[in-house]
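Asks: Could you have a look at this structure, given as structure tokens, before my questions?
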Amino acid sequence: MFPYIDIGPIHLGTFGLLLWLAAVAATLVLHKNFVRNGVDADALSVVAFVVIAGVVGAKTWHELQNVADLRHALKMMTAPGWNHPFDILMEFLHWFQAGFAWFGGMLAGIAMLMWQGRVAKPEGLTGWRASVRMLDLAAPAAAIGYGVGRIGCLTSGDGDYGINTTLPWGVHMAKNALVPPTPPDALVQPTPLYEFLFAMVLGWWLWRLGGKARPLGWLTGLYLVLSGSARFLVEFVRINPPVYGWMTNAQVAALGSVVVGAVVMVMTRRGSVVPAPVVEARS
């Protein structure tokens with residue numbers, strides 16, 4: 001694991017690098033989907049706004065789960081005094097590089113995508129239809145981007161890894177991992193790798209399904225159901241402590257995603273149908 005990469009005087013966090021790579025991957029997939037559906041929109045700007053919203057949403061959701069820790073972190077950040085703004089900035093950046101909640105990022109990303117849909121008006125749609133259509137178009141890109149970003153969680157050792165294990169594919173966290181395991185030399189399950197592999201398959205499948213005429217919003221519902229199910233299951237081998245009986249915060253949020261997605265799929269089953277992609281329809 002490599003939480004940081006040092007190139008001369010440059011000190012780079014691998015989580016940030018993989019987050020950037022995730023945005024690049026998502027942009028490429030979304031651009032391809034725009035092209036095949038004849039959508040005149042800039043995938044790069046869409047992804048840029050969604051990434052910013054997602055990071056802020058994920059960090060906010062994580063911190064609000066434990067307000068006491070947040071207050072302590074703010075106290076530590078401002079400890080150097082306001083006459084030392086650079087020190088405060090460094091403390092803030094160090095605090096901001098870890099601790100993100102998947103569900104908060106997803107909610108913020110969905111909200112931003114819906115707003116972007118109203119602006120872009122894909123395929124001439126307006127209002128809420130344009131918002132939902134943008135969600136459908138972005139579903140494969142969201143899955144791929146999420147999977148790539150999860151590798152950053154593994155390389156940085158930010159606490160998203162799994163429980164101690166004797167499995168042959170168990171991994172060691174680096175000594176400077178953001179959240180060291182207990183004991184520090186323990187083998188742990190590489191749960192971000194599990195999520196990466198599932199996300200790649202999910203992204204591929206959503207892309208294939210999007211190649212045919214589908215009810216507006218159906219792909220979004222399917223994405224919520226499958227991504228939520230995967231997150232619910234992987235939590236059983238994660239180090240997150242149970243909060244609601246035997247379930248973690250992430251599992252409760254994941255169940256919410258599954259329920260909402262199932263409702264969306266049922267409600268949209270007989271709704272307006274979006275034609276098959278322009279490019280594939282000609283082939």
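In the structure tokens, each chain is lettered A, B, ... as it comes, each chain's residues begin at 1, and ligands are numbered from 1 in order of appearance.
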Return as a Markdown table the residues of region 101-192 of chain A lying at most 12 Å from region 29-32 of chain A, together with the closest atom-to-atom pair for each and the distance in Å to one decimal, counting only C-alpha atoms, with rows in chain order and ascending residue number.

Replies:
| residue | atom | partner | partner_atom | distance |
| --- | --- | --- | --- | --- |
| A:Leu113 | CA | A:Leu30 | CA | 11.9 |
| A:Met134 | CA | A:Leu30 | CA | 10.0 |
| A:Leu135 | CA | A:Leu30 | CA | 10.7 |
| A:Asp136 | CA | A:Leu30 | CA | 10.5 |
| A:Leu137 | CA | A:Leu30 | CA | 7.1 |
| A:Ala138 | CA | A:Leu30 | CA | 6.0 |
| A:Ala139 | CA | A:Leu30 | CA | 8.7 |
| A:Pro140 | CA | A:Val29 | CA | 7.1 |
| A:Ala141 | CA | A:Val29 | CA | 5.2 |
| A:Ala142 | CA | A:Leu30 | CA | 8.6 |
| A:Ala143 | CA | A:Val29 | CA | 10.0 |
| A:Ile144 | CA | A:Val29 | CA | 8.0 |
| A:Gly145 | CA | A:Val29 | CA | 9.0 |

Asks: Hey, what's within 10 Å of Val56 (chain A) if we count only C-alpha atoms and toss same-chain stuff fewer than 3 positions away? As a tab-separated table (two decimals) with N, CA, C and O atoms, in the first residue's frame, please?

Replies:
chain	number	residue	atom	x	y	z
A	50	VAL	N	-20.11	17.28	-10.44
A	50	VAL	CA	-20.57	16.15	-9.63
A	50	VAL	C	-19.49	15.71	-8.64
A	50	VAL	O	-19.79	15.38	-7.48
A	51	VAL	N	-18.23	15.69	-9.07
A	51	VAL	CA	-17.14	15.29	-8.18
A	51	VAL	C	-17.04	16.25	-7.00
A	51	VAL	O	-16.92	15.84	-5.85
A	52	ILE	N	-17.09	17.54	-7.29
A	52	ILE	CA	-17.01	18.53	-6.21
A	52	ILE	C	-18.17	18.34	-5.23
A	52	ILE	O	-17.98	18.31	-4.01
A	53	ALA	N	-19.37	18.22	-5.77
A	53	ALA	CA	-20.54	18.03	-4.91
A	53	ALA	C	-20.44	16.72	-4.13
A	53	ALA	O	-20.76	16.66	-2.94
A	59	LYS	N	-17.98	14.07	2.67
A	59	LYS	CA	-17.29	14.54	3.86
A	59	LYS	C	-18.29	15.07	4.89
A	59	LYS	O	-18.17	14.79	6.09
A	60	THR	N	-19.28	15.82	4.43
A	60	THR	CA	-20.28	16.39	5.34
A	60	THR	C	-21.06	15.29	6.03
A	60	THR	O	-21.26	15.31	7.25
A	61	TRP	N	-21.51	14.29	5.26
A	61	TRP	CA	-22.28	13.19	5.85
A	61	TRP	C	-21.46	12.43	6.88
A	61	TRP	O	-21.96	12.09	7.97
A	62	HIS	N	-20.19	12.17	6.57
A	62	HIS	CA	-19.32	11.45	7.50
A	62	HIS	C	-19.14	12.23	8.80
A	62	HIS	O	-19.25	11.65	9.89
A	96	PHE	N	-9.12	16.89	5.83
A	96	PHE	CA	-10.05	16.65	4.73
A	96	PHE	C	-9.68	15.45	3.88
A	96	PHE	O	-10.50	14.96	3.10
A	100	PHE	N	-14.82	9.82	4.52
A	100	PHE	CA	-15.87	10.15	3.56
A	100	PHE	C	-16.95	9.06	3.62
A	100	PHE	O	-16.63	7.87	3.73
A	104	GLY	N	-23.51	9.93	1.59
A	104	GLY	CA	-23.55	11.39	1.44
A	104	GLY	C	-23.06	11.84	0.08
A	104	GLY	O	-23.62	12.75	-0.54
A	105	GLY	N	-22.01	11.19	-0.40
A	105	GLY	CA	-21.50	11.51	-1.73
A	105	GLY	C	-22.49	11.18	-2.81
A	105	GLY	O	-22.65	11.92	-3.79
A	108	ALA	N	-25.40	13.83	-2.79
A	108	ALA	CA	-24.96	15.11	-3.36
A	108	ALA	C	-24.72	14.98	-4.86
A	108	ALA	O	-25.05	15.89	-5.63
A	109	GLY	N	-24.14	13.84	-5.29
A	109	GLY	CA	-23.90	13.62	-6.70
A	109	GLY	C	-25.19	13.53	-7.50
A	109	GLY	O	-25.29	14.08	-8.61

Asks: Measure the distance from CA of Asn164 (chain A) to CA of Leu187 (chain A) in Å and round it to one decimal.

Replies: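 The value is 5.6 Å.
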
Asks: Give the alpha helix (DSSP H) residues of region 186-222 of chain A, as assigned by DSSP on the backbone, as a PyMOL selection string.

Replies: chain A and resi 191-209+218-222

Asks: Write out as a ChimeraX atom specification the residues lying within 12 Å of Tyr161 (chain A), counting only C-alpha atoms and excluding same-chain residues fewer than 5 positions away.

Replies: /A:1,150-156,170-173,177-182,186-195,234-240

Asks: Could those selected residues go to a file with N, CA, C and O atoms, as a compact mmCIF listing (two decimals), in the first residue's frame?

Replies:
# COMPACT_ATOMS: atom_id res chain seq x y z
N MET A 1 0.84 -1.19 0.00
CA MET A 1 0.00 0.00 0.00
C MET A 1 0.88 1.25 0.00
O MET A 1 1.94 1.28 0.64
N ARG A 150 -12.50 3.69 -5.30
CA ARG A 150 -12.32 2.79 -4.17
C ARG A 150 -10.89 2.27 -4.06
O ARG A 150 -10.41 1.96 -2.97
N ILE A 151 -10.19 2.15 -5.18
CA ILE A 151 -8.79 1.71 -5.12
C ILE A 151 -7.97 2.74 -4.34
O ILE A 151 -7.01 2.39 -3.65
N GLY A 152 -8.33 4.01 -4.45
CA GLY A 152 -7.65 5.04 -3.67
C GLY A 152 -7.83 4.83 -2.18
O GLY A 152 -6.92 5.11 -1.39
N CYS A 153 -9.01 4.34 -1.78
CA CYS A 153 -9.24 4.03 -0.37
C CYS A 153 -8.31 2.92 0.10
O CYS A 153 -7.82 2.93 1.23
N LEU A 154 -8.06 1.95 -0.79
CA LEU A 154 -7.18 0.84 -0.43
C LEU A 154 -5.73 1.30 -0.33
O LEU A 154 -5.02 0.97 0.62
N THR A 155 -5.26 2.06 -1.33
CA THR A 155 -3.85 2.47 -1.32
C THR A 155 -3.53 3.43 -0.17
O THR A 155 -2.41 3.44 0.33
N SER A 156 -4.52 4.22 0.24
CA SER A 156 -4.26 5.17 1.33
C SER A 156 -4.45 4.54 2.70
O SER A 156 -4.00 5.08 3.70
N GLY A 170 -5.35 -11.69 1.51
CA GLY A 170 -5.29 -10.63 2.51
C GLY A 170 -4.10 -9.72 2.26
O GLY A 170 -3.09 -10.14 1.68
N VAL A 171 -4.21 -8.46 2.66
CA VAL A 171 -3.15 -7.48 2.40
C VAL A 171 -2.71 -6.82 3.70
O VAL A 171 -3.44 -6.77 4.68
N HIS A 172 -1.48 -6.31 3.68
CA HIS A 172 -0.95 -5.52 4.78
C HIS A 172 -1.17 -4.05 4.50
O HIS A 172 -1.02 -3.60 3.35
N MET A 173 -1.51 -3.28 5.51
CA MET A 173 -1.54 -1.83 5.37
C MET A 173 -0.14 -1.27 5.66
O MET A 173 0.61 -1.83 6.47
N ALA A 177 -0.28 4.18 7.05
CA ALA A 177 -1.68 4.19 6.62
C ALA A 177 -2.45 5.22 7.43
O ALA A 177 -2.16 5.47 8.61
N LEU A 178 -3.45 5.84 6.80
CA LEU A 178 -4.22 6.86 7.49
C LEU A 178 -4.94 6.29 8.70
O LEU A 178 -5.10 6.98 9.72
N VAL A 179 -5.39 5.04 8.60
CA VAL A 179 -6.02 4.34 9.74
C VAL A 179 -5.37 2.97 9.85
O VAL A 179 -5.77 2.03 9.17
N PRO A 180 -4.32 2.82 10.69
CA PRO A 180 -3.61 1.55 10.80
C PRO A 180 -4.53 0.46 11.37
O PRO A 180 -5.40 0.73 12.20
N PRO A 181 -4.34 -0.79 10.92
CA PRO A 181 -5.14 -1.90 11.47
C PRO A 181 -4.64 -2.28 12.85
O PRO A 181 -3.62 -1.76 13.33
N THR A 182 -5.36 -3.19 13.49
CA THR A 182 -4.98 -3.69 14.81
C THR A 182 -4.85 -5.20 14.75
O THR A 182 -5.84 -5.89 14.47
N ALA A 186 -1.24 -6.80 10.81
CA ALA A 186 -2.29 -7.78 10.52
C ALA A 186 -2.61 -7.81 9.02
O ALA A 186 -2.52 -6.79 8.32
N LEU A 187 -2.97 -8.99 8.54
CA LEU A 187 -3.52 -9.11 7.19
C LEU A 187 -5.01 -8.77 7.25
O LEU A 187 -5.72 -9.23 8.15
N VAL A 188 -5.46 -7.97 6.31
CA VAL A 188 -6.87 -7.56 6.30
C VAL A 188 -7.49 -7.85 4.93
O VAL A 188 -6.77 -7.98 3.93
N GLN A 189 -8.80 -7.97 4.90
CA GLN A 189 -9.48 -8.20 3.63
C GLN A 189 -9.49 -6.92 2.80
O GLN A 189 -9.84 -5.86 3.30
N PRO A 190 -9.12 -7.01 1.51
CA PRO A 190 -9.08 -5.82 0.65
C PRO A 190 -10.47 -5.48 0.12
O PRO A 190 -10.76 -5.60 -1.08
N THR A 191 -11.38 -5.07 1.01
CA THR A 191 -12.77 -4.82 0.62
C THR A 191 -12.91 -3.77 -0.49
O THR A 191 -13.82 -3.91 -1.33
N PRO A 192 -12.07 -2.72 -0.56
CA PRO A 192 -12.20 -1.82 -1.71
C PRO A 192 -11.98 -2.51 -3.05
O PRO A 192 -12.57 -2.12 -4.05
N LEU A 193 -11.14 -3.56 -3.04
CA LEU A 193 -10.91 -4.32 -4.27
C LEU A 193 -12.17 -5.09 -4.66
O LEU A 193 -12.52 -5.19 -5.84
N TYR A 194 -12.88 -5.63 -3.67
CA TYR A 194 -14.15 -6.31 -3.95
C TYR A 194 -15.12 -5.33 -4.62
O TYR A 194 -15.79 -5.66 -5.60
N GLU A 195 -15.19 -4.12 -4.05
CA GLU A 195 -16.11 -3.12 -4.59
C GLU A 195 -15.69 -2.67 -5.98
O GLU A 195 -16.53 -2.40 -6.85
N VAL A 234 -20.87 -5.92 1.53
CA VAL A 234 -19.45 -5.79 1.82
C VAL A 234 -19.22 -5.31 3.26
O VAL A 234 -18.16 -5.56 3.85
N GLU A 235 -20.22 -4.66 3.84
CA GLU A 235 -20.08 -4.18 5.22
C GLU A 235 -19.90 -5.31 6.23
O GLU A 235 -19.38 -5.08 7.31
N PHE A 236 -20.33 -6.51 5.86
CA PHE A 236 -20.18 -7.63 6.79
C PHE A 236 -18.72 -8.00 7.03
O PHE A 236 -18.40 -8.65 8.02
N VAL A 237 -17.84 -7.62 6.09
CA VAL A 237 -16.41 -7.91 6.28
C VAL A 237 -15.60 -6.62 6.38
O VAL A 237 -14.38 -6.64 6.22
N ARG A 238 -16.27 -5.51 6.66
CA ARG A 238 -15.58 -4.24 6.88
C ARG A 238 -15.36 -4.04 8.37
O ARG A 238 -15.95 -4.73 9.22
N ILE A 239 -14.54 -3.05 8.73
CA ILE A 239 -14.23 -2.80 10.13
C ILE A 239 -15.19 -1.80 10.77
O ILE A 239 -15.04 -1.46 11.93
N ASN A 240 -16.17 -1.34 10.02
CA ASN A 240 -17.14 -0.39 10.58
C ASN A 240 -17.93 -1.05 11.71
O ASN A 240 -18.45 -2.15 11.53

Asks: Please return as JSON, numbers by chain: the residues of region 19-219 of chain A that backbone DSSP assigns to strand (DSSP E).

Replies: {"A": [171, 172, 187, 188, 214, 215]}

Asks: Check the smallest atom-to-atom distance from each of A:Asn33, A:Thr166, A:Thr268, A:Gln251 to Phe103 (chain A) using only C-alpha atoms, then report the winner.

Replies: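 Nearest to Phe103 (chain A): A:Gln251.
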
Asks: I'd like the interatomic distance between CA of Met247 (chain A) and CA of Asn66 (chain A), to a tenth of an Å.

Replies: 16.7 Å

Asks: Env of Pro122 (chain A): 9 Å cut, atoms = only C-alpha atoms, seq-sep filter 5 positions within chain, self excluded. Answer as a count of residues only.

Replies: 11

Asks: Please compute the CA of Gly159 (chain A)-CA of Leu21 (chain A) distance, one decimal, in Å.

Replies: 20.3 Å

Asks: Using only C-alpha atoms, which residue out of A:Val35, A:Val225, A:Ala79, A:Leu64 lies closest to Pro277 (chain A)?

Replies: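 Of all the options, A:Val35 lies closest to Pro277 (chain A).
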
Asks: Sort by chain and increasing residue number a table of all residues of region 47-81 of chain A within 12 Å of region 85-93 of chain A, each with its closest pair of atoms and their distance in Å to one decimal, counting only C-alpha atoms, and write it as a Markdown table.

Replies:
| residue | atom | partner | partner_atom | distance |
| --- | --- | --- | --- | --- |
| A:Leu70 | CA | A:Phe92 | CA | 11.9 |
| A:Ala73 | CA | A:Phe92 | CA | 8.9 |
| A:Leu74 | CA | A:Phe92 | CA | 8.4 |
| A:Lys75 | CA | A:Ile88 | CA | 10.5 |
| A:Met76 | CA | A:Glu91 | CA | 7.8 |
| A:Met77 | CA | A:Glu91 | CA | 5.2 |
| A:Thr78 | CA | A:Ile88 | CA | 5.9 |
| A:Ala79 | CA | A:Ile88 | CA | 7.8 |
| A:Pro80 | CA | A:Ile88 | CA | 6.5 |
| A:Gly81 | CA | A:Ile88 | CA | 7.6 |

Asks: Just C-alpha atoms for this one: save the residues we selected as a PDB file, in the first residue's frame.

Replies:
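Writing done, so here's part_5.pdb:
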ATOM      1  CA  LEU A  70     -16.132  17.183  14.287  1.00  0.00           C
ATOM      2  CA  ALA A  73     -11.266  18.385  14.691  1.00  0.00           C
ATOM      3  CA  LEU A  74     -12.274  22.026  14.257  1.00  0.00           C
ATOM      4  CA  LYS A  75     -10.641  22.861  17.576  1.00  0.00           C
ATOM      5  CA  MET A  76      -7.400  21.194  16.497  1.00  0.00           C
ATOM      6  CA  MET A  77      -7.471  22.953  13.121  1.00  0.00           C
ATOM      7  CA  THR A  78      -7.738  26.394  14.684  1.00  0.00           C
ATOM      8  CA  ALA A  79      -5.241  25.642  17.485  1.00  0.00           C
ATOM      9  CA  PRO A  80      -2.332  27.469  15.728  1.00  0.00           C
ATOM     10  CA  GLY A  81      -4.346  30.694  15.912  1.00  0.00           C
TER      11      GLY A  81
END

Asks: Counting only C-alpha atoms, which of A:Leu233, A:Val132, A:Ala253, A:Val67 gets nearest to Trp218 (chain A)?

Replies: A:Val132

Asks: Excluding Val260 (chain A) and its own-chain neighbours fewer than 5 positions away, which residues fall within 12 Å of it when counting only C-alpha atoms? Please give them as a count of residues only.

Replies: 18
